[in-house]
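Colleague: Sharing query32.csv, CSV, C-alpha atoms and all ligand atoms:
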chain,number,residue,atom,x,y,z
A,290,MET,CA,63.8,-3.5,-59.2
A,291,ASN,CA,62.3,-6.3,-57.1
A,292,VAL,CA,58.9,-7.4,-58.4
A,293,ILE,CA,56.5,-9.7,-56.6
A,294,VAL,CA,53.6,-11.3,-58.5
A,295,LEU,CA,50.8,-12.6,-56.4
A,296,GLN,CA,49.3,-15.3,-58.6
A,297,GLY,CA,45.9,-15.9,-57.2
A,298,SER,CA,44.5,-18.8,-59.3
A,299,PRO,CA,44.3,-22.3,-57.7
A,300,ASN,CA,45.3,-23.6,-61.1
A,301,ALA,CA,49.1,-23.6,-61.1
A,302,ASN,CA,49.2,-24.3,-64.8
A,303,GLY,CA,46.1,-22.2,-65.7
A,304,SER,CA,45.6,-19.1,-67.7
A,305,THR,CA,46.5,-16.7,-64.9
A,306,ALA,CA,49.7,-18.5,-64.3
A,307,LEU,CA,50.4,-18.2,-68.1
A,308,LEU,CA,50.0,-14.4,-68.0
A,309,ALA,CA,52.1,-14.2,-64.8
A,310,ALA,CA,54.9,-16.3,-66.4
A,311,GLU,CA,54.9,-14.1,-69.5
A,312,PHE,CA,54.9,-10.9,-67.5
A,313,ALA,CA,57.8,-12.3,-65.4
A,314,HIS,CA,59.7,-13.3,-68.5
A,315,GLY,CA,59.4,-9.8,-69.9
A,316,ALA,CA,60.3,-8.1,-66.6
A,317,ARG,CA,63.4,-10.4,-66.2
A,318,GLU,CA,64.5,-9.5,-69.7
A,319,ALA,CA,64.2,-5.9,-68.7
A,320,GLY,CA,66.6,-6.6,-65.8
A,321,HIS,CA,64.3,-7.0,-62.9
A,322,ALA,CA,64.2,-9.7,-60.2
A,323,VAL,CA,60.8,-11.3,-60.2
A,324,ASP,CA,59.2,-13.6,-57.7
A,325,VAL,CA,55.9,-15.2,-58.8
A,326,VAL,CA,54.1,-16.5,-55.7
A,327,ASP,CA,51.2,-19.0,-56.1
A,328,VAL,CA,49.3,-17.7,-53.2
A,329,ALA,CA,46.5,-20.2,-53.6
A,330,ALA,CA,49.0,-23.0,-52.7
A,331,LEU,CA,49.9,-21.3,-49.4
A,332,ASP,CA,48.1,-22.0,-46.2
A,333,ILE,CA,47.1,-18.4,-45.3
A,334,ALA,CA,44.3,-17.8,-42.9
A,335,PRO,CA,41.8,-14.9,-43.4
A,336,CYS,CA,42.3,-11.8,-41.3
A,337,THR,CA,40.3,-12.2,-38.1
A,338,GLY,CA,39.6,-8.4,-37.9
A,339,CYS,CA,40.9,-8.3,-34.3
A,340,VAL,CA,43.1,-5.3,-35.3
A,341,ALA,CA,45.5,-6.2,-32.5
A,342,CYS,CA,48.1,-5.0,-35.1
A,343,SER,CA,46.5,-1.5,-35.1
A,344,TYR,CA,46.9,-1.7,-38.9
A,345,GLU,CA,50.7,-1.8,-38.5
A,346,GLY,CA,52.5,-4.3,-36.3
A,347,PRO,CA,52.7,-7.9,-35.4
A,348,CYS,CA,49.8,-10.0,-36.6
A,349,VAL,CA,48.3,-12.4,-34.0
A,350,LEU,CA,48.1,-15.1,-36.7
A,351,SER,CA,51.3,-17.0,-37.1
A,352,ASP,CA,51.3,-18.6,-40.6
A,353,VAL,CA,53.2,-18.3,-43.8
A,354,PHE,CA,52.0,-14.8,-44.4
A,355,GLY,CA,54.8,-13.6,-42.2
A,356,GLY,CA,57.3,-14.7,-44.9
A,357,LEU,CA,55.2,-13.3,-47.7
A,358,ARG,CA,54.9,-10.0,-45.8
A,359,GLN,CA,58.7,-9.8,-45.8
A,360,LYS,CA,58.8,-10.4,-49.5
A,361,ILE,CA,56.2,-7.8,-50.3
A,362,LEU,CA,58.0,-5.2,-48.2
A,363,ALA,CA,61.2,-6.0,-50.0
A,364,ALA,CA,59.6,-5.5,-53.4
A,365,ASP,CA,59.3,-2.3,-55.4
A,366,MET,CA,56.5,-3.5,-57.5
A,367,LEU,CA,53.3,-5.5,-56.7
A,368,VAL,CA,51.5,-7.4,-59.4
A,369,LEU,CA,48.1,-8.8,-58.8
A,370,ALA,CA,47.2,-11.7,-61.0
A,371,THR,CA,43.8,-13.4,-60.9
A,372,PRO,CA,41.1,-15.2,-62.8
A,373,LEU,CA,37.8,-13.5,-62.7
A,374,TYR,CA,35.6,-15.2,-60.1
A,375,TYR,CA,32.1,-13.8,-60.0
A,376,TYR,CA,33.4,-10.6,-61.4
A,377,GLY,CA,36.0,-10.1,-58.7
A,378,MET,CA,39.4,-11.5,-57.7
A,379,THR,CA,39.7,-14.9,-56.2
A,380,ALA,CA,39.1,-15.4,-52.5
A,381,GLN,CA,42.6,-16.7,-52.3
A,382,LEU,CA,44.1,-13.4,-53.5
A,383,LYS,CA,41.7,-11.3,-51.5
A,384,THR,CA,42.6,-13.3,-48.4
A,385,VAL,CA,46.3,-12.2,-48.9
A,386,ILE,CA,45.3,-8.6,-49.5
A,387,ASP,CA,43.2,-8.5,-46.3
A,388,ARG,CA,46.3,-9.7,-44.5
A,389,PHE,CA,48.1,-6.5,-45.7
A,390,CYS,CA,46.2,-5.0,-42.7
A,391,SER,CA,49.2,-5.6,-40.4
A,392,ALA,CA,51.6,-3.9,-42.8
A,393,ASN,CA,49.2,-1.2,-44.1
A,394,SER,CA,51.3,1.8,-43.4
A,395,SER,CA,54.6,0.2,-44.5
A,396,ILE,CA,53.1,-0.9,-47.8
A,397,THR,CA,51.5,2.5,-48.4
A,398,ARG,CA,54.7,4.4,-47.5
A,399,LYS,CA,56.6,2.4,-50.1
A,400,ARG,CA,54.6,3.9,-53.0
A,401,MET,CA,55.1,0.7,-54.9
A,402,LYS,CA,54.6,0.3,-58.6
A,403,SER,CA,51.7,-2.0,-59.5
A,404,ALA,CA,50.0,-3.9,-62.3
A,405,LEU,CA,47.0,-6.1,-62.8
A,406,LEU,CA,46.8,-9.3,-64.8
A,407,ALA,CA,43.4,-11.0,-65.1
A,408,VAL,CA,41.7,-13.6,-67.3
A,409,ALA,CA,38.0,-14.3,-67.7
A,410,TRP,CA,35.8,-16.6,-69.7
A,411,ASN,CA,33.5,-13.8,-70.9
A,412,SER,CA,34.2,-11.0,-73.3
A,413,ASP,CA,31.4,-8.5,-72.7
A,414,ASP,CA,32.7,-5.0,-72.6
A,415,TRP,CA,31.8,-4.8,-68.9
A,416,THR,CA,33.5,-8.1,-68.0
A,417,PHE,CA,36.3,-6.4,-65.9
A,418,ASP,CA,34.4,-3.3,-64.7
A,419,ALA,CA,34.1,-4.4,-61.1
A,420,LEU,CA,37.6,-5.9,-60.9
A,421,GLU,CA,39.1,-2.7,-62.4
A,422,ALA,CA,37.1,-0.5,-60.0
A,423,HIS,CA,38.5,-2.6,-57.1
A,424,TYR,CA,42.1,-2.5,-58.4
A,425,ASP,CA,41.9,1.3,-59.1
A,426,THR,CA,40.6,1.8,-55.5
A,427,LEU,CA,43.5,-0.3,-54.1
A,428,VAL,CA,45.9,1.8,-56.2
A,429,ARG,CA,44.5,5.0,-54.7
A,430,TYR,CA,44.3,3.8,-51.1
A,431,LEU,CA,47.7,2.1,-51.0
A,432,ASP,CA,49.3,4.9,-52.9
A,433,LEU,CA,50.5,2.5,-55.7
A,434,ARG,CA,51.8,3.7,-59.0
A,435,ASP,CA,49.9,1.8,-61.6
A,436,CYS,CA,52.0,0.6,-64.6
A,437,GLY,CA,49.3,-1.1,-66.5
A,438,ARG,CA,46.9,-4.0,-66.8
A,439,VAL,CA,46.3,-7.0,-69.0
A,440,LEU,CA,42.6,-8.0,-69.0
A,441,GLY,CA,42.3,-11.3,-70.9
A,442,SER,CA,38.7,-11.6,-72.0
A,443,GLY,CA,37.7,-14.7,-73.8
A,444,CYS,CA,40.4,-16.6,-71.8
A,445,GLY,CA,38.3,-19.4,-70.5
A,446,THR,CA,40.9,-22.2,-70.7
A,447,PRO,CA,44.7,-22.3,-71.0
A,448,SER,CA,44.4,-23.2,-74.7
A,449,MET,CA,42.0,-20.3,-75.4
A,450,THR,CA,44.5,-18.1,-73.5
A,451,ALA,CA,47.5,-19.4,-75.4
A,452,ARG,CA,45.7,-18.7,-78.7
A,453,SER,CA,44.7,-15.1,-77.6
A,454,GLY,CA,47.1,-12.2,-77.8
A,455,PHE,CA,47.1,-11.7,-74.1
A,456,PRO,CA,50.2,-13.7,-73.2
A,457,GLU,CA,52.1,-11.4,-75.6
A,458,LYS,CA,50.5,-8.3,-73.9
A,459,ALA,CA,51.6,-9.6,-70.5
A,460,TYR,CA,55.1,-10.1,-71.8
A,461,ALA,CA,55.2,-6.6,-73.2
A,462,LEU,CA,53.9,-5.1,-70.0
A,463,GLY,CA,56.6,-6.9,-68.1
A,464,ARG,CA,59.2,-5.7,-70.6
A,465,SER,CA,58.0,-2.1,-70.1
A,466,VAL,CA,58.2,-1.8,-66.3
B,501,LIG,C1,34.3,-20.1,-59.3
B,501,LIG,C2,34.5,-19.5,-60.7
B,501,LIG,C3,33.9,-18.2,-61.0
B,501,LIG,C4,34.1,-17.7,-62.2
B,501,LIG,N1,33.5,-16.5,-62.5
B,501,LIG,C5,33.6,-15.9,-63.7
B,501,LIG,C6,33.0,-14.6,-64.0
B,501,LIG,O1,32.4,-14.0,-63.2
B,501,LIG,N2,33.2,-14.1,-65.3
B,501,LIG,C7,33.9,-14.8,-66.2
B,501,LIG,O2,34.0,-14.3,-67.4
B,501,LIG,N3,34.5,-16.0,-66.0
B,501,LIG,C8,34.4,-16.5,-64.7
B,501,LIG,N4,35.0,-17.7,-64.5
B,501,LIG,C9,35.9,-18.3,-65.5
B,501,LIG,C10,37.4,-18.1,-65.2
B,501,LIG,O3,37.7,-16.7,-64.9
B,501,LIG,C11,38.2,-18.5,-66.4
B,501,LIG,O4,37.9,-19.9,-66.7
B,501,LIG,C12,39.7,-18.4,-66.2
B,501,LIG,O5,40.4,-18.7,-67.4
B,501,LIG,C13,40.3,-19.3,-65.1
B,501,LIG,O6,41.6,-19.0,-64.9
B,501,LIG,P1,42.7,-20.0,-64.4
B,501,LIG,O7,43.0,-21.0,-65.5
B,501,LIG,O8,43.9,-19.2,-64.1
B,501,LIG,O9,42.1,-20.7,-63.2
B,501,LIG,C14,34.8,-18.3,-63.2
B,501,LIG,C15,35.4,-19.6,-62.9
B,501,LIG,C16,35.2,-20.2,-61.7
B,501,LIG,C17,35.9,-21.5,-61.4
I'd like the structure from this file rewritten - as structure tokens, please.
Modeller:
Amino acid sequence: MNVIVLQGSPNANGSTALLAAEFAHGAREAGHAVDVVDVAALDIAPCTGCVACSYEGPCVLSDVFGGLRQKILAADMLVLATPLYYYGMTAQLKTVIDRFCSANSSITRKRMKSALLAVAWNSDDWTFDALEAHYDTLVRYLDLRDCGRVLGSGCGTPSMTARSGFPEKAYALGRSV
């Protein structure tokens, strides 16, 4: 299986990247090809909402999303990885998801597997409620097949995350897909 991980933190060596790397490690051990893409490092413009693509077709914006779109469409599994930013995903990751617009039907038709990896400073029992609701809605709308989620509460810094049990959980999830 081809797996693409959209790593949405601007910290290339942060807690989200740590979970993404552990997930990728487990998934590679299970025999899958995994591409972890640091989407925050890419110069991807926000969807203009022009809908010239009619929700499926060429996008009027010519930037590196074109290449990423090819990678997503070649994948069997889509993993969203993000730190919690004001109780949602990062703007960088959301920007990429908005650009799914021009491949909406193609992505939906693929019935891709999916997973969510997230970290947050807080550890209230409601910390991830809004993010999970969004993710669950994306799964429903894009006809994804959810394979699981790792919600790293109390993961405010990379050292906190490394000391938590969440990197092992991300590895185990990768190993299981
Ligand atoms: C702009 C911003 C917004 C944040 N919002 C939240 C939040 O709503 N809830 C929370 O628990 N942590 C929040 N955090 C903390 C991060 O989720 C946390 O530090 C995370 O470990 C950062 O992951 P990274 O190392 O991958 O960047 C926020 C951090 C930033 C910079």
Colleague: Report as number ranges by chain which protein, DNA and RNA residues come within 12 Å of ligand LIG 501 (chain B), using all atoms listed in the file.
Modeller: A: 296-310, 327, 329, 370-381, 406-420, 440-451, 453, 455
Colleague: Taking all atoms listed in the file into account, name the residue in A:Val368, A:Thr384, A:Ala422, A:Arg398 that is nearest to Asp435 in chain A.
Modeller: A:Val368
Colleague: Between CA of Met401 in chain A and CA of Leu369 in chain A, measure the distance and give it in Å to one decimal.
Modeller: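 Computed distance, CA of Met401 in chain A to CA of Leu369 in chain A, equals 12.4 Å.
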Colleague: Just give me the gap between CA of Ser395 in chain A and CA of Phe312 in chain A in Å, one decimal is fine.
Modeller: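 Separation between CA of Ser395 in chain A and CA of Phe312 in chain A: 25.5 Å.
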Colleague: Between A:Arg434, A:Arg358, A:Arg464, A:Arg429, which residue has the minimum interatomic distance to Phe389 in chain A, considering all atoms listed in the file?
Modeller: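 Nearest to Phe389 in chain A: A:Arg358.
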Colleague: Could you tell me how far CA of Val466 in chain A sits from CA of Phe354 in chain A, in Å to one decimal place?
Modeller: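 Value for the CA of Phe354 in chain A-CA of Val466 in chain A distance: 26.2 Å.
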